[in-house]
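Colleague: Below is the file target01.pdb, with PDB, C-alpha atoms, pLDDT in the B column.
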```
ATOM      1  CA  ALA A   1      -9.253  15.638  21.495  1.00 92.00           C
ATOM      2  CA  VAL A   2      -8.792  19.331  22.297  1.00 94.00           C
ATOM      3  CA  ALA A   3      -5.324  18.647  23.717  1.00 96.00           C
ATOM      4  CA  ALA A   4      -4.386  16.830  20.511  1.00 96.00           C
ATOM      5  CA  PHE A   5      -5.730  19.794  18.542  1.00 96.00           C
ATOM      6  CA  VAL A   6      -3.592  22.264  20.522  1.00 97.00           C
ATOM      7  CA  ILE A   7      -0.478  20.122  20.095  1.00 97.00           C
ATOM      8  CA  THR A   8      -1.139  19.755  16.356  1.00 97.00           C
ATOM      9  CA  VAL A   9      -1.467  23.521  15.884  1.00 97.00           C
ATOM     10  CA  LEU A  10       1.705  24.227  17.886  1.00 97.00           C
ATOM     11  CA  ILE A  11       3.681  21.604  15.947  1.00 98.00           C
ATOM     12  CA  ALA A  12       2.422  23.016  12.633  1.00 98.00           C
ATOM     13  CA  LEU A  13       3.386  26.552  13.636  1.00 98.00           C
ATOM     14  CA  ALA A  14       6.829  25.409  14.814  1.00 98.00           C
ATOM     15  CA  ALA A  15       7.359  23.433  11.594  1.00 98.00           C
ATOM     16  CA  HIS A  16       6.450  26.471   9.488  1.00 97.00           C
ATOM     17  CA  VAL A  17       9.006  28.601  11.303  1.00 98.00           C
ATOM     18  CA  GLY A  18      11.696  25.924  11.621  1.00 97.00           C
ATOM     19  CA  ILE A  19      11.462  24.663   8.050  1.00 97.00           C
ATOM     20  CA  THR A  20       9.935  27.278   5.743  1.00 97.00           C
ATOM     21  CA  LEU A  21      10.965  30.577   7.308  1.00 98.00           C
ATOM     22  CA  PHE A  22      14.374  29.388   8.493  1.00 98.00           C
ATOM     23  CA  ALA A  23      15.089  28.115   4.948  1.00 98.00           C
ATOM     24  CA  ILE A  24      14.154  31.528   3.512  1.00 97.00           C
ATOM     25  CA  LEU A  25      16.415  33.254   6.031  1.00 97.00           C
ATOM     26  CA  ARG A  26      19.347  30.925   5.393  1.00 97.00           C
ATOM     27  CA  PHE A  27      19.179  30.438   1.627  1.00 96.00           C
ATOM     28  CA  ASN A  28      17.322  33.458   0.225  1.00 96.00           C
ATOM     29  CA  ILE A  29      18.383  36.175   2.619  1.00 96.00           C
ATOM     30  CA  GLY A  30      21.754  34.732   3.673  1.00 95.00           C
ATOM     31  CA  ILE A  31      21.473  35.313   7.412  1.00 96.00           C
ATOM     32  CA  SER A  32      21.693  32.756  10.186  1.00 96.00           C
ATOM     33  CA  PRO A  33      18.199  32.063  11.559  1.00 97.00           C
ATOM     34  CA  MET A  34      19.592  32.103  15.105  1.00 96.00           C
ATOM     35  CA  VAL A  35      21.162  35.531  14.581  1.00 95.00           C
ATOM     36  CA  PHE A  36      17.898  36.782  13.089  1.00 97.00           C
ATOM     37  CA  VAL A  37      15.861  35.463  16.032  1.00 97.00           C
ATOM     38  CA  SER A  38      18.250  37.006  18.549  1.00 96.00           C
ATOM     39  CA  ARG A  39      17.893  40.386  16.848  1.00 96.00           C
ATOM     40  CA  VAL A  40      14.077  40.384  16.591  1.00 97.00           C
ATOM     41  CA  LYS A  41      13.287  38.743  19.936  1.00 97.00           C
ATOM     42  CA  ALA A  42      11.826  41.979  21.378  1.00 97.00           C
ATOM     43  CA  ALA A  43       9.168  41.994  18.656  1.00 97.00           C
ATOM     44  CA  LEU A  44       8.488  38.275  19.139  1.00 97.00           C
ATOM     45  CA  VAL A  45       8.030  38.704  22.892  1.00 97.00           C
ATOM     46  CA  THR A  46       5.688  41.643  22.300  1.00 97.00           C
ATOM     47  CA  ALA A  47       3.687  39.612  19.777  1.00 96.00           C
ATOM     48  CA  PHE A  48       3.407  36.664  22.157  1.00 96.00           C
ATOM     49  CA  SER A  49       2.340  38.786  25.115  1.00 95.00           C
ATOM     50  CA  THR A  50      -0.176  40.985  23.259  1.00 93.00           C
ATOM     51  CA  SER A  51      -1.586  38.528  20.673  1.00 92.00           C
ATOM     52  CA  SER A  52      -1.786  41.542  18.364  1.00 91.00           C
ATOM     53  CA  SER A  53       0.156  42.167  15.162  1.00 90.00           C
ATOM     54  CA  SER A  54      -1.001  45.779  15.210  1.00 88.00           C
ATOM     55  CA  ALA A  55       0.223  46.386  18.761  1.00 91.00           C
ATOM     56  CA  THR A  56       3.573  44.825  17.845  1.00 94.00           C
ATOM     57  CA  LEU A  57       4.069  47.066  14.809  1.00 95.00           C
ATOM     58  CA  PRO A  58       6.033  49.842  16.590  1.00 96.00           C
ATOM     59  CA  THR A  59       8.392  47.292  18.139  1.00 97.00           C
ATOM     60  CA  GLY A  60       8.762  45.524  14.800  1.00 97.00           C
ATOM     61  CA  LEU A  61       9.701  48.789  13.096  1.00 97.00           C
ATOM     62  CA  GLU A  62      12.210  49.572  15.821  1.00 96.00           C
ATOM     63  CA  VAL A  63      13.994  46.200  15.748  1.00 96.00           C
ATOM     64  CA  SER A  64      14.057  46.006  11.966  1.00 96.00           C
ATOM     65  CA  GLU A  65      15.835  49.355  11.790  1.00 96.00           C
ATOM     66  CA  THR A  66      18.104  49.268  14.850  1.00 95.00           C
ATOM     67  CA  GLN A  67      18.789  45.528  15.227  1.00 96.00           C
ATOM     68  CA  LEU A  68      18.767  44.427  11.584  1.00 96.00           C
ATOM     69  CA  GLY A  69      19.820  47.669   9.898  1.00 96.00           C
ATOM     70  CA  ILE A  70      16.983  47.538   7.376  1.00 96.00           C
ATOM     71  CA  PRO A  71      16.329  50.994   5.866  1.00 95.00           C
ATOM     72  CA  ARG A  72      13.307  52.861   7.253  1.00 94.00           C
ATOM     73  CA  GLN A  73      11.633  53.213   3.851  1.00 94.00           C
ATOM     74  CA  ILE A  74      11.485  49.425   3.433  1.00 96.00           C
ATOM     75  CA  ALA A  75      10.469  48.579   7.000  1.00 96.00           C
ATOM     76  CA  GLY A  76       7.913  51.404   7.053  1.00 96.00           C
ATOM     77  CA  PHE A  77       6.277  50.042   3.911  1.00 95.00           C
ATOM     78  CA  VAL A  78       6.423  46.261   4.379  1.00 96.00           C
ATOM     79  CA  LEU A  79       5.647  45.879   8.095  1.00 95.00           C
ATOM     80  CA  PRO A  80       2.359  47.843   8.183  1.00 94.00           C
ATOM     81  CA  ILE A  81       1.087  45.830   5.216  1.00 92.00           C
ATOM     82  CA  GLY A  82       2.353  42.619   6.804  1.00 90.00           C
ATOM     83  CA  SER A  83       0.595  43.315  10.101  1.00 88.00           C
ATOM     84  CA  THR A  84      -2.750  42.953   8.311  1.00 84.00           C
ATOM     85  CA  MET A  85      -1.970  40.734   5.310  1.00 87.00           C
ATOM     86  CA  CYS A  86       0.927  38.415   6.239  1.00 85.00           C
ATOM     87  CA  MET A  87      -0.958  36.043   8.522  1.00 90.00           C
ATOM     88  CA  ASN A  88       0.817  32.712   8.038  1.00 92.00           C
ATOM     89  CA  GLY A  89       0.173  31.522  11.575  1.00 93.00           C
ATOM     90  CA  THR A  90      -3.488  32.482  11.415  1.00 92.00           C
ATOM     91  CA  ALA A  91      -3.983  30.620   8.123  1.00 93.00           C
ATOM     92  CA  ILE A  92      -2.410  27.467   9.579  1.00 95.00           C
ATOM     93  CA  PHE A  93      -4.585  27.732  12.696  1.00 94.00           C
ATOM     94  CA  GLU A  94      -7.795  28.260  10.717  1.00 93.00           C
ATOM     95  CA  GLY A  95      -7.162  25.309   8.410  1.00 94.00           C
ATOM     96  CA  ILE A  96      -6.440  22.905  11.251  1.00 95.00           C
ATOM     97  CA  THR A  97      -9.408  24.195  13.276  1.00 95.00           C
ATOM     98  CA  VAL A  98     -11.912  23.682  10.441  1.00 94.00           C
ATOM     99  CA  ILE A  99     -10.698  20.118   9.825  1.00 94.00           C
ATOM    100  CA  PHE A 100     -10.701  19.378  13.579  1.00 96.00           C
ATOM    101  CA  LEU A 101     -14.241  20.658  14.107  1.00 95.00           C
ATOM    102  CA  ALA A 102     -15.452  18.860  10.983  1.00 95.00           C
ATOM    103  CA  GLU A 103     -14.221  15.615  12.530  1.00 94.00           C
ATOM    104  CA  ILE A 104     -15.866  16.450  15.874  1.00 94.00           C
ATOM    105  CA  PHE A 105     -19.227  16.977  14.137  1.00 95.00           C
ATOM    106  CA  ASN A 106     -18.779  13.942  11.832  1.00 94.00           C
ATOM    107  CA  VAL A 107     -18.598  16.026   8.660  1.00 94.00           C
ATOM    108  CA  ASP A 108     -16.534  14.082   6.145  1.00 94.00           C
ATOM    109  CA  LEU A 109     -14.340  16.352   4.067  1.00 92.00           C
ATOM    110  CA  THR A 110     -12.878  15.069   0.824  1.00 93.00           C
ATOM    111  CA  LEU A 111      -9.266  15.807  -0.105  1.00 94.00           C
ATOM    112  CA  ALA A 112     -10.514  18.453  -2.540  1.00 95.00           C
ATOM    113  CA  GLN A 113     -12.599  20.071   0.206  1.00 94.00           C
ATOM    114  CA  MET A 114      -9.600  20.090   2.539  1.00 93.00           C
ATOM    115  CA  ALA A 115      -7.617  21.887  -0.172  1.00 93.00           C
ATOM    116  CA  ILE A 116     -10.430  24.446  -0.451  1.00 94.00           C
ATOM    117  CA  VAL A 117     -10.377  24.824   3.357  1.00 93.00           C
ATOM    118  CA  MET A 118      -6.696  25.722   3.205  1.00 93.00           C
ATOM    119  CA  ILE A 119      -7.239  28.185   0.348  1.00 93.00           C
ATOM    120  CA  MET A 120     -10.122  29.832   2.205  1.00 92.00           C
ATOM    121  CA  SER A 121      -8.016  29.938   5.376  1.00 91.00           C
ATOM    122  CA  VAL A 122      -5.284  31.855   3.565  1.00 91.00           C
ATOM    123  CA  ILE A 123      -7.796  34.267   2.016  1.00 91.00           C
ATOM    124  CA  THR A 124      -9.699  34.940   5.234  1.00 88.00           C
ATOM    125  CA  ALA A 125      -6.456  35.277   7.231  1.00 87.00           C
ATOM    126  CA  ILE A 126      -5.585  38.225   5.001  1.00 85.00           C
ATOM    127  CA  GLY A 127      -8.779  39.931   6.109  1.00 77.00           C
ATOM    128  CA  ALA A 128      -8.399  39.118   9.805  1.00 78.00           C
ATOM    129  CA  ALA A 129      -7.934  42.061  12.135  1.00 73.00           C
ATOM    130  CA  GLY A 130      -4.530  42.237  13.825  1.00 69.00           C
ATOM    131  CA  VAL A 131      -6.097  42.088  17.278  1.00 75.00           C
ATOM    132  CA  PRO A 132      -6.592  39.234  19.785  1.00 81.00           C
ATOM    133  CA  GLY A 133      -9.174  36.769  18.456  1.00 78.00           C
ATOM    134  CA  GLY A 134      -9.526  38.690  15.202  1.00 78.00           C
ATOM    135  CA  SER A 135      -9.739  35.534  13.102  1.00 83.00           C
ATOM    136  CA  ILE A 136     -12.591  33.871  15.036  1.00 87.00           C
ATOM    137  CA  PRO A 137     -15.537  35.572  13.230  1.00 86.00           C
ATOM    138  CA  LEU A 138     -14.047  34.719   9.839  1.00 86.00           C
ATOM    139  CA  LEU A 139     -13.420  31.168  10.989  1.00 90.00           C
ATOM    140  CA  VAL A 140     -17.120  30.723  11.763  1.00 91.00           C
ATOM    141  CA  GLY A 141     -17.868  31.664   8.157  1.00 89.00           C
ATOM    142  CA  ILE A 142     -15.569  28.925   6.840  1.00 91.00           C
ATOM    143  CA  LEU A 143     -17.137  26.373   9.198  1.00 93.00           C
ATOM    144  CA  THR A 144     -20.661  27.055   7.979  1.00 92.00           C
ATOM    145  CA  MET A 145     -19.477  26.923   4.370  1.00 91.00           C
ATOM    146  CA  PHE A 146     -18.597  23.254   4.877  1.00 91.00           C
ATOM    147  CA  GLY A 147     -21.669  22.317   6.890  1.00 92.00           C
ATOM    148  CA  VAL A 148     -20.024  22.482  10.311  1.00 93.00           C
ATOM    149  CA  PRO A 149     -22.192  24.241  12.936  1.00 93.00           C
ATOM    150  CA  GLY A 150     -20.767  27.703  13.574  1.00 90.00           C
ATOM    151  CA  GLU A 151     -21.396  27.378  17.300  1.00 91.00           C
ATOM    152  CA  GLY A 152     -18.835  24.572  17.295  1.00 91.00           C
ATOM    153  CA  ILE A 153     -16.177  27.251  17.566  1.00 93.00           C
ATOM    154  CA  ALA A 154     -16.980  27.329  21.292  1.00 92.00           C
ATOM    155  CA  ILE A 155     -15.094  24.029  21.621  1.00 94.00           C
ATOM    156  CA  VAL A 156     -11.775  25.724  20.840  1.00 93.00           C
ATOM    157  CA  LEU A 157     -12.415  29.129  22.441  1.00 92.00           C
ATOM    158  CA  GLY A 158     -11.200  27.858  25.815  1.00 91.00           C
ATOM    159  CA  VAL A 159      -7.731  27.130  24.444  1.00 94.00           C
ATOM    160  CA  ASP A 160      -7.642  29.900  21.865  1.00 93.00           C
ATOM    161  CA  ARG A 161      -5.640  32.363  23.951  1.00 92.00           C
ATOM    162  CA  ILE A 162      -2.421  30.335  23.982  1.00 94.00           C
ATOM    163  CA  LEU A 163      -2.900  29.497  20.312  1.00 95.00           C
ATOM    164  CA  ASP A 164      -3.558  33.171  19.532  1.00 93.00           C
ATOM    165  CA  MET A 165      -0.331  34.145  21.269  1.00 95.00           C
ATOM    166  CA  SER A 166       1.590  31.506  19.327  1.00 96.00           C
ATOM    167  CA  ARG A 167       0.122  32.256  15.903  1.00 94.00           C
ATOM    168  CA  THR A 168       0.633  36.006  16.371  1.00 94.00           C
ATOM    169  CA  THR A 169       4.305  35.343  17.103  1.00 96.00           C
ATOM    170  CA  VAL A 170       4.561  33.382  13.846  1.00 97.00           C
ATOM    171  CA  ASN A 171       2.743  36.159  11.982  1.00 94.00           C
ATOM    172  CA  VAL A 172       5.187  38.792  13.260  1.00 96.00           C
ATOM    173  CA  PHE A 173       8.200  36.576  12.549  1.00 97.00           C
ATOM    174  CA  SER A 174       6.882  36.180   8.986  1.00 96.00           C
ATOM    175  CA  ASP A 175       6.466  39.960   8.673  1.00 96.00           C
ATOM    176  CA  LEU A 176      10.055  40.574   9.727  1.00 97.00           C
ATOM    177  CA  THR A 177      11.331  37.842   7.414  1.00 97.00           C
ATOM    178  CA  ALA A 178       9.384  39.380   4.525  1.00 96.00           C
ATOM    179  CA  THR A 179      10.846  42.792   5.355  1.00 97.00           C
ATOM    180  CA  ALA A 180      14.391  41.429   5.193  1.00 97.00           C
ATOM    181  CA  PHE A 181      13.581  39.563   1.970  1.00 97.00           C
ATOM    182  CA  VAL A 182      12.198  42.689   0.273  1.00 96.00           C
ATOM    183  CA  ALA A 183      15.154  44.804   1.433  1.00 96.00           C
ATOM    184  CA  LYS A 184      17.603  42.257   0.048  1.00 96.00           C
ATOM    185  CA  SER A 185      15.712  41.756  -3.215  1.00 95.00           C
ATOM    186  CA  GLU A 186      15.725  45.544  -3.758  1.00 94.00           C
ATOM    187  CA  GLY A 187      19.512  45.490  -3.398  1.00 94.00           C
ATOM    188  CA  ILE A 188      19.646  48.067  -0.596  1.00 94.00           C
ATOM    189  CA  TRP A 189      20.364  45.717   2.307  1.00 95.00           C
ATOM    190  CA  SER A 190      22.123  42.438   2.982  1.00 93.00           C
ATOM    191  CA  ALA A 191      23.011  40.298   5.982  1.00 93.00           C
ATOM    192  CA  ALA A 192      26.368  42.099   6.086  1.00 92.00           C
ATOM    193  CA  ASP A 193      24.506  45.298   6.993  1.00 93.00           C
ATOM    194  CA  VAL A 194      23.263  43.883  10.300  1.00 93.00           C
ATOM    195  CA  PRO A 195      24.813  46.071  13.031  1.00 92.00           C
ATOM    196  CA  ALA A 196      27.219  44.470  15.473  1.00 86.00           C
ATOM    197  CA  GLN A 197      25.599  43.298  18.680  1.00 79.00           C
ATOM    198  CA  LYS A 198      26.161  45.825  21.459  1.00 64.00           C
TER     199      LYS A 198
END
```
Any chance you could put this one into structure tokens?

Modeller:
Amino acid sequence: AVAAFVITVLIALAAHVGITLFAILRFNIGISPMVFVSRVKAALVTAFSTSSSSATLPTGLEVSETQLGIPRQIAGFVLPIGSTMCMNGTAIFEGITVIFLAEIFNVDLTLAQMAIVMIMSVITAIGAAGVPGGSIPLLVGILTMFGVPGEGIAIVLGVDRILDMSRTTVNVFSDLTATAFVAKSEGIWSAADVPAQK
């Protein structure tokens, strides 16, 4: 069951990047997702290895300016906010975890309750610290709200590290995508401004 849970979370994270974020990059920002990934890979590797959005912030600022050509005033504003508020991967993880643990403890959630779980996951992800395991305390709060024993979180703690690394990578990728989107929407940057690869 835990293996199925891990696979489900990883598939959900990959789908979010491959469908939602890639579509934003291609159609709203006008840059090839593959080009974007190749330019921000240093930040993604840092995010994966540290499991910390906050620790990745300096690298994110550096790649957004030097590799994407995004002006410093945009990157310096959007990325620090994103490192604490743009937690797409964390929200996905929290929602799946609550539903998984509810099933483990035979707590039947209605469709409406599952929708509330997702809303609460998004809200609490915003308040999660950008450090390894920062979402776990908030996740316990959501569990108890729906009658799932808070100590049930111990079931997923053993596999949380790899999931933390993965969701942090998605969070940072979302931050960088948001930075490019804001720069383009403000009319001070476009995909044509990306510096040539050295």

Colleague: Quick one: which residues end up in the PyMOL selection byres ((chain A and resi 161-168) around 10) for this structure, as JSON, numbers by chain?

Modeller: {"A": [6, 7, 9, 10, 13, 14, 44, 45, 46, 47, 48, 49, 50, 51, 52, 53, 54, 56, 83, 87, 88, 89, 90, 91, 92, 93, 130, 131, 132, 133, 134, 135, 156, 157, 158, 159, 160, 169, 170, 171, 172, 173, 174]}

Colleague: Determine the nearest neighbour of Phe77 in chain A from the options A:Ile119, A:Ala128, A:Ala196, A:Ala178, counting only C-alpha atoms.

Modeller: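 Checking each candidate against Phe77 in chain A, we get A:Ala178 as the closest.
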
Colleague: Rounded to one decimal place, report the CA of Thr8 in chain A-CA of Ile142 in chain A distance in Å.

Modeller: 19.6 Å

Colleague: Please report the interatomic distance between CA of Ala154 in chain A and CA of Ile96 in chain A in Å with one decimal.

Modeller: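 So the answer is 15.2 Å.
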
Colleague: One decimal, in Å: what's the spacing between CA of Ala102 in chain A and CA of Val148 in chain A?

Modeller: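 A separation of 5.9 Å between them.
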
Colleague: Given all atoms listed in the file as the basis, pick out the residue of A:Ile188, A:Val63, A:Leu143, A:Ala23 nearest to Glu103 in chain A.

Modeller: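 Of all the options, A:Leu143 lies closest to Glu103 in chain A.
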
Colleague: Which residues, named as in the file, does the PyMOL selection byres ((chain A and resi 37) around 12) pick out? Answer as an mmCIF file with C-alpha atoms, keeping the file's coordinate frame.

Modeller:
```cif
data_model
loop_
_atom_site.group_PDB
_atom_site.id
_atom_site.type_symbol
_atom_site.label_atom_id
_atom_site.label_comp_id
_atom_site.auth_asym_id
_atom_site.auth_seq_id
_atom_site.Cartn_x
_atom_site.Cartn_y
_atom_site.Cartn_z
ATOM 1 C CA VAL A 17 9.006 28.601 11.303
ATOM 2 C CA GLY A 18 11.696 25.924 11.621
ATOM 3 C CA LEU A 21 10.965 30.577 7.308
ATOM 4 C CA PHE A 22 14.374 29.388 8.493
ATOM 5 C CA LEU A 25 16.415 33.254 6.031
ATOM 6 C CA ILE A 31 21.473 35.313 7.412
ATOM 7 C CA SER A 32 21.693 32.756 10.186
ATOM 8 C CA PRO A 33 18.199 32.063 11.559
ATOM 9 C CA MET A 34 19.592 32.103 15.105
ATOM 10 C CA VAL A 35 21.162 35.531 14.581
ATOM 11 C CA PHE A 36 17.898 36.782 13.089
ATOM 12 C CA SER A 38 18.250 37.006 18.549
ATOM 13 C CA ARG A 39 17.893 40.386 16.848
ATOM 14 C CA VAL A 40 14.077 40.384 16.591
ATOM 15 C CA LYS A 41 13.287 38.743 19.936
ATOM 16 C CA ALA A 42 11.826 41.979 21.378
ATOM 17 C CA ALA A 43 9.168 41.994 18.656
ATOM 18 C CA LEU A 44 8.488 38.275 19.139
ATOM 19 C CA VAL A 45 8.030 38.704 22.892
ATOM 20 C CA VAL A 63 13.994 46.200 15.748
ATOM 21 C CA SER A 64 14.057 46.006 11.966
ATOM 22 C CA GLN A 67 18.789 45.528 15.227
ATOM 23 C CA LEU A 68 18.767 44.427 11.584
ATOM 24 C CA THR A 169 4.305 35.343 17.103
ATOM 25 C CA VAL A 170 4.561 33.382 13.846
ATOM 26 C CA VAL A 172 5.187 38.792 13.260
ATOM 27 C CA PHE A 173 8.200 36.576 12.549
ATOM 28 C CA SER A 174 6.882 36.180 8.986
ATOM 29 C CA LEU A 176 10.055 40.574 9.727
ATOM 30 C CA THR A 177 11.331 37.842 7.414
#
```

Colleague: Starting from the shown file, work through the PyMOL selection byres ((chain A and resi 147) around 12) and note down what comes out as a PyMOL selection string.

Modeller: chain A and resi 98-99+101-103+105-109+113+140-146+148-152

Colleague: Once 3 Å is added on each side, what centre and edge lengths in Å to one decimal does the axis-aligned box around all listed atoms of range 104-116 of chain A have, as JSON?

Modeller:
```
{"center_x": -13.4, "center_y": 19.2, "center_z": 6.7, "size_x": 17.6, "size_y": 16.5, "size_z": 24.4}
```
